[in-house]
There are 6 protein chains.
Amino acid sequence: MRLPHVSMTDGVDVAVVGIPFDTGTSFRPGARFGPMAIRNVSSLLRPFHPHHGLDVFEQLSVIDYGDAGVIPGNIDRTYAAVGDTFGRLAGAGVTCVGLGGDHSVTLAELRALADRFGPLALLQFDAHGDTWDEYFGERYSHGTTFRRAAEEGLLRTTSSIQIGMRGSLYHADDLRAGEELGFQVITCDELRALGPQAFAQAVSERVGEWPTFVSFDVDFVDPAYAPGTGTPEVGGVTSGEAVTFLRALGGVNIVGSDCVEVAAAYDSPGEPTALLAANVVWEMLALIAVYRRLTNAPSVQA
Amino acid sequence: MRLPHVSMTDGVDVAVVGIPFDTGTSFRPGARFGPMAIRNVSSLLRPFHPHHGLDVFEQLSVIDYGDAGVIPGNIDRTYAAVGDTFGRLAGAGVTCVGLGGDHSVTLAELRALADRFGPLALLQFDAHGDTWDEYFGERYSHGTTFRRAAEEGLLRTTSSIQIGMRGSLYHADDLRAGEELGFQVITCDELRALGPQAFAQAVSERVGEWPTFVSFDVDFVDPAYAPGTGTPEVGGVTSGEAVTFLRALGGVNIVGSDCVEVAAAYDSPGEPTALLAANVVWEMLALIAVYRRLTNAPSVQA
Amino acid sequence: MRLPHVSMTDGVDVAVVGIPFDTGTSFRPGARFGPMAIRNVSSLLRPFHPHHGLDVFEQLSVIDYGDAGVIPGNIDRTYAAVGDTFGRLAGAGVTCVGLGGDHSVTLAELRALADRFGPLALLQFDAHGDTWDEYFGERYSHGTTFRRAAEEGLLRTTSSIQIGMRGSLYHADDLRAGEELGFQVITCDELRALGPQAFAQAVSERVGEWPTFVSFDVDFVDPAYAPGTGTPEVGGVTSGEAVTFLRALGGVNIVGSDCVEVAAAYDSPGEPTALLAANVVWEMLALIAVYRRLTNAPSVQA
Amino acid sequence: MRLPHVSMTDGVDVAVVGIPFDTGTSFRPGARFGPMAIRNVSSLLRPFHPHHGLDVFEQLSVIDYGDAGVIPGNIDRTYAAVGDTFGRLAGAGVTCVGLGGDHSVTLAELRALADRFGPLALLQFDAHGDTWDEYFGERYSHGTTFRRAAEEGLLRTTSSIQIGMRGSLYHADDLRAGEELGFQVITCDELRALGPQAFAQAVSERVGEWPTFVSFDVDFVDPAYAPGTGTPEVGGVTSGEAVTFLRALGGVNIVGSDCVEVAAAYDSPGEPTALLAANVVWEMLALIAVYRRLTNAPSVQA
Amino acid sequence: MRLPHVSMTDGVDVAVVGIPFDTGTSFRPGARFGPMAIRNVSSLLRPFHPHHGLDVFEQLSVIDYGDAGVIPGNIDRTYAAVGDTFGRLAGAGVTCVGLGGDHSVTLAELRALADRFGPLALLQFDAHGDTWDEYFGERYSHGTTFRRAAEEGLLRTTSSIQIGMRGSLYHADDLRAGEELGFQVITCDELRALGPQAFAQAVSERVGEWPTFVSFDVDFVDPAYAPGTGTPEVGGVTSGEAVTFLRALGGVNIVGSDCVEVAAAYDSPGEPTALLAANVVWEMLALIAVYRRLTNAPSVQA
Amino acid sequence: MRLPHVSMTDGVDVAVVGIPFDTGTSFRPGARFGPMAIRNVSSLLRPFHPHHGLDVFEQLSVIDYGDAGVIPGNIDRTYAAVGDTFGRLAGAGVTCVGLGGDHSVTLAELRALADRFGPLALLQFDAHGDTWDEYFGERYSHGTTFRRAAEEGLLRTTSSIQIGMRGSLYHADDLRAGEELGFQVITCDELRALGPQAFAQAVSERVGEWPTFVSFDVDFVDPAYAPGTGTPEVGGVTSGEAVTFLRALGGVNIVGSDCVEVAAAYDSPGEPTALLAANVVWEMLALIAVYRRLTNAPSVQA
């Protein structure tokens, strides 16, 4: 999006932060190059959002903060580094949008933001719940993130929804494992049946004004639209539908978000996955602008 | 699916058999590497099927029987070899699921199974009827399989349906050429209009309890979802729709099936076609398990 | 489509003309190899059109006229060369179907055809209006074609429709910029809401019997279906839907058409974009045949 | 090379003929698209040959004769069709340069040319001798061509050389199996040790003025330079070395030649294999021109 | 190389400048994404150069100045913009290293630098001389750059060498066309025969202390090593040899340089061309550092 | 190589073991799919080795033992699991050949084998010494393996050689860091200067009869030949040269070996890197057979 690359936070509303890390990946690695791929193709995006009727970069001062200092092969030290970056930005009043990286990185983001905002509402768009207790015997991986987050009290699960679950399972209760933790679960089939309007209604009822984190795993979308990802599942929504469901979040109070699991080496030559992810980030920015417009919150810029 | 590779058939319910052969292909070859591609990516599948509510591998003892001994360049000798393998397995009471290979191989499978079960009902998911009399002057090719099968008395055409035909034709009557042979033809447009429920009804009326062979050519699905195939046709269903139509076969008595025409060299880097095919095979296995549950047929395993 | 490559125009109804030019491209170049890619894969097409119920090549004498003599790097001289070719063909009573090339080439085609037919109705299938006044300060590029065409009086804008606009914009009024020029604009969302039948009605009302140019930019279709293009936008229609909307033009008097922006280097290995474009061209040919059948216009061939 | 596509043979010196056939392939198929790939990239070639100091297309009238009428899946009928084409051209005094296709097609070419010229000298550039008696039990395949040719008396083996053999073998005597049939065998290691000059000498001594067929399998070259082929072997020469060895054939009386085994689907995106093959064909044409210059043979053109 | 992205020139020795422009390309476009590809992979490079025995970034203050403001489709306005950037940097005493873009951009660089330094010595590593008078009738393109530069008096041709010419030609005198303009021409074959040491000697004699521009077209290298380029020619040197020849320039007074013609869309998945180009740039930087060490020229940094 | 997949060790000489792990990777991940890629393409290999003059699989009983039980994301637990597997096999008198995985896995192999054989001689073919003390602050990674191995006393460094180092460095002493640890270092330039014969001599003098581990990192070879790897360096040897250098190890007493760093997602479509790695493994097996022949050691098989 041709954002200025800046490391100062004065007068900044939103910072896009790369998290080039994929040690938490179980199948196809490569999400460490997700931030690069998303940035490369993001120059195709333009500032005005016709659905919401606003110029995103007029409403918000957005910067590219560069990458958090990850450590390949070490998830604990990476969590600390990502937490540092998000903590510093949140402390300066800047809303963070993370570019994954695999879904393990979201735990570090949530820790930093919950530290500032208290337990957050979560809207997780994903083919998988990522609520296993262990994966290959590991407690921290891209398959355990949201169980850990719930256990650590980072989430207000009663205000949270997992959206898009589908595919084959290890056990009968995997699909709705999030419900035991207190999340609402809307499977992919249920989401299609709801449609965008009823979905917006459901979100509004569940989340309300609560400070919310929106986490978008690109495998929420069908592999025909997002082939470049680590754990693809057939039968997902189209990218057009994904965008429509995101636009339904018009009144949500987003205090942080990310878009994860872009594994560039598996993307098609035309890079549809990176393009989708860039659009998802752009929709996130627009949602943040919409909420400020709704609440008359002065942007830092203004 | 991390199946054990076994060549014994005691206590086995279902055997997956590779048929790495593509001499019958008219346009893009490469289906000989279909079995390898499908096996490679099948490790993404997990055992529990949430729609049917069963653990496939708990219900059924499934093995990977390896590949049939095909002869590149010689369709007659390959038919003999495939027939041998399928005959031996069927004789041992094992249900076979073939991994193609181009669609010519299905004739050999049908010969072996009709030998045991008599004329079979056929459910053929495919963009093309494959009912030409000759192709480039050849009587055996991937475009003539089902005319040959009908002529040889391997099929109970009055219980059979061809599903998904679309695209440009050589002659006006190609689209419904199957009807002359006695098949019911549901074109892709008609299938979409029907929807899964009416389709299930149509299948149930046509097929009933008859021993059935389900043949799934991945070009049934749109090239956006299954680009790695020999004769793609625009305008097909999505992989999600394909899965939904397969799930509608819940009560069918499947005595054999295959998934064919995965031409790995034309697949996208993320291998969506192989992933779709692996899912199709998994749905086949689930359907076999569902039927046994319905009929209380003891699995060999139990 | 295995067309004869002929440079004589006697007894010819329609000529397919390659325009291997992409100097007008703003983002990803490569449309200069569009004609080669479309021709290579067009051998998959067969002559009979089941929807319209006619054999295209029996109804029409169609030739492959080869490529217009473009000049890489020079848009003015290329316009002259393309204009020459189209003018000569139109002068001989041959309907031209251009294979782009980027969307800048359409201006040259329109100039030649308007010279013969007067201002044309336009049906433009496209994600973008291509109605900027300048792009990077240039007045001739793939983003300014239809403003230039309107300004030059080549179009009867009151009979013209732009179809499929979507995506992020530079300014609030970009989406409907065509309306200022007199075009009707049907955005992608509006088109989906209309459906094929109401769309056919809208076209019929707007265009009537007027001599019409149909310009199809493959980015009208979603990048999952047409990844090999210069300026992809998420959220487009499927290739099946695109074909259905084209079939709704059954009574339109097409005097010229093109299919543009196939950037082969960005296509997936299975070449879905080239395959889609070949199908679009085939649908164009069928529409020309349909109109002649309707109007009893003798084809040159007959 | 932007050759005219002509099917008349008056005044023609050399015809390039595509043979899009790969049914004889044992491992990776796809050589059926070799002719298309070579033609597509051949536009990069220019007419003047600086090493030999002549303008190839000034010296020779060269046409693209299109493709022989192969039958996918049937090697016998394909042999008949290719033989027909080559016989007709040879009968009209036209030198043929075949674009494979897999190496099985050379047998058909040799049959047609030996019919006219008597037993031919052979210069075979190849990683493999292709002298098995059977392959998968088949007597006609890309691995048996030169044993069959020798048995059928098509070759003057005492004037023939196989060049470039390398790689792992089935049996100890495979590497020099050609010697039993009377061929000289120069392995890849021996060729490197010889160098171009001594190689030229060896060719001159062995072949002399005898009418010669030059068959170039692109797997003669290392997979780094020619990755798009069916049976790659590591450790081959570079494309620069290959060209140098070809240029050493300056005085050979070439009455036919081919370049085979370009499997386009396995080529890298930059198409180095097709580019190499186009260069090989161009070197063949130059060698034919050189011989005519040497012998003052009037070209048909002159 | 993880360079700081800076737009100030105080205390800067060398600035790397992207020139994302490919309107001057005759065959495969895409060099506009060369700068992005080179930057992406340049993070693999480390600071210490073992051959020259120095830490490049300790010796020199190097910045990434971003991209010059090119105008796709307009070569004249792009020349002005590139000239501006290079002129401004040269005026501030900063040595420029351009990342092409196609080879047409070098003319703009030379104009700016000759304006400051007077006619420059040129060392051009390239498969093609790029000395045509016109290409497709155009006087400014990637095939005419060095004739224009000589005509405009930007080069001291008597101190200049073209290195690496090879491949088929349009006319007999193309290979040595540079000689008419006063350049020395060392063809690829001659270069190999010379070897690095004699080459260094030849350079030293020809160039001496003269302010020199080094222009490196990646097609100098064989397509096996640099497949991602617009006009590949078989038979080039390896990347290892290329690096060795560059290292032979240890005492040359480089006042500017570029590395051009990286067409990323044609690169292999492992991006060998971009990696080679990044190494070429790194060798250029090392050569600049070597010369300063030799001449005791204080770097700005020191 | 169509090896039997067996998990019993009776009568087995050599076991090939996959180690699908890449958590130790610093740049491009994906070596976890190295074993799959090598196995897939290994069917191209045949049993007889013409250089050594023996049938590898006649001399040795070789099995495919499947994969060691790695844990993605956890290097310590993976080391334990790999150590277990190698320890069990070595305990049963089976020689292990590992298929990496990244180069971090070699430490676990060396621990298990040193446990049985005492400190081992090492022959490491690699572009990088992998002797950093820490990488991103981590003591265990693919960049620290051989420092750790030396520190842990697993290697007899006075009998060990590192071969092939090249490329840019972090510090002046990186290239020869192995020498401080006691290794001999032969850089890539030095190796080329030596040639195979002198290299064989150097190995023989350094290693003698000592039990030796041969570790082959595919980045030893140039990226043109092995593009699919995590940390490519331009300027390496060709695959033919690599094979020749391996063949020079004819009398070495190999008690274990591996081939690592095949990152399949970055390989070219023709899979040259996997093919090279399969050949390297085959050369390793041949070397083991050669030594047994030399020493009359009865193979288990005999």
# chains A, B, ... in the order shown; residues from 1 in each chain; ligands from 1
>>> residues_around(residues="Phe125 (chain B)", least_positions_apart="4", cutoff="6 Å", atoms="only C-alpha atoms", output="list in words")
Ile163, Gly164, Phe216, Asp217 and Phe220 of chain B
>>> interface_residues(of="chain C", to="chain E", cutoff="7 Å", atoms="only C-alpha atoms", output="MDAnalysis selection string")
chainID C and resid 23:24 26 29:30 71:73 136 265
>>> atom_distance(atom1="CA of Cys259 (chain A)", atom2="CA of Leu45 (chain E)")
28.9 Å
>>> select_by_dssp(residues="region 89-266 of chain B", states="alpha helix (DSSP H)", output="JSON, numbers by chain")
{"B": [89, 90, 91, 105, 106, 107, 108, 109, 110, 111, 112, 113, 114, 115, 116, 117, 145, 146, 147, 148, 149, 150, 151, 177, 178, 179, 180, 188, 189, 190, 191, 192, 193, 194, 195, 196, 197, 198, 199, 200, 201, 202, 203, 204, 205, 206, 207, 239, 240, 241, 242, 243, 244, 245, 246, 247]}
>>> residues_around(residues="Leu175 (chain F)", least_positions_apart="5", cutoff="9 Å", atoms="only C-alpha atoms", output="list of chain:residue names")
E:Pro50, F:His128, F:Gly129, F:Met165, F:Arg166, F:Gly167, F:Ser168, F:Leu169, F:Val185, F:Thr187
>>> select_by_dssp(residues="region 67-293 of chain D", states="strand (DSSP E or B)", output="PyMOL selection string")
chain D and resi 67+95-100+120-125+135+138+155+161-165+169+184-187+212-217+221+237+254-260
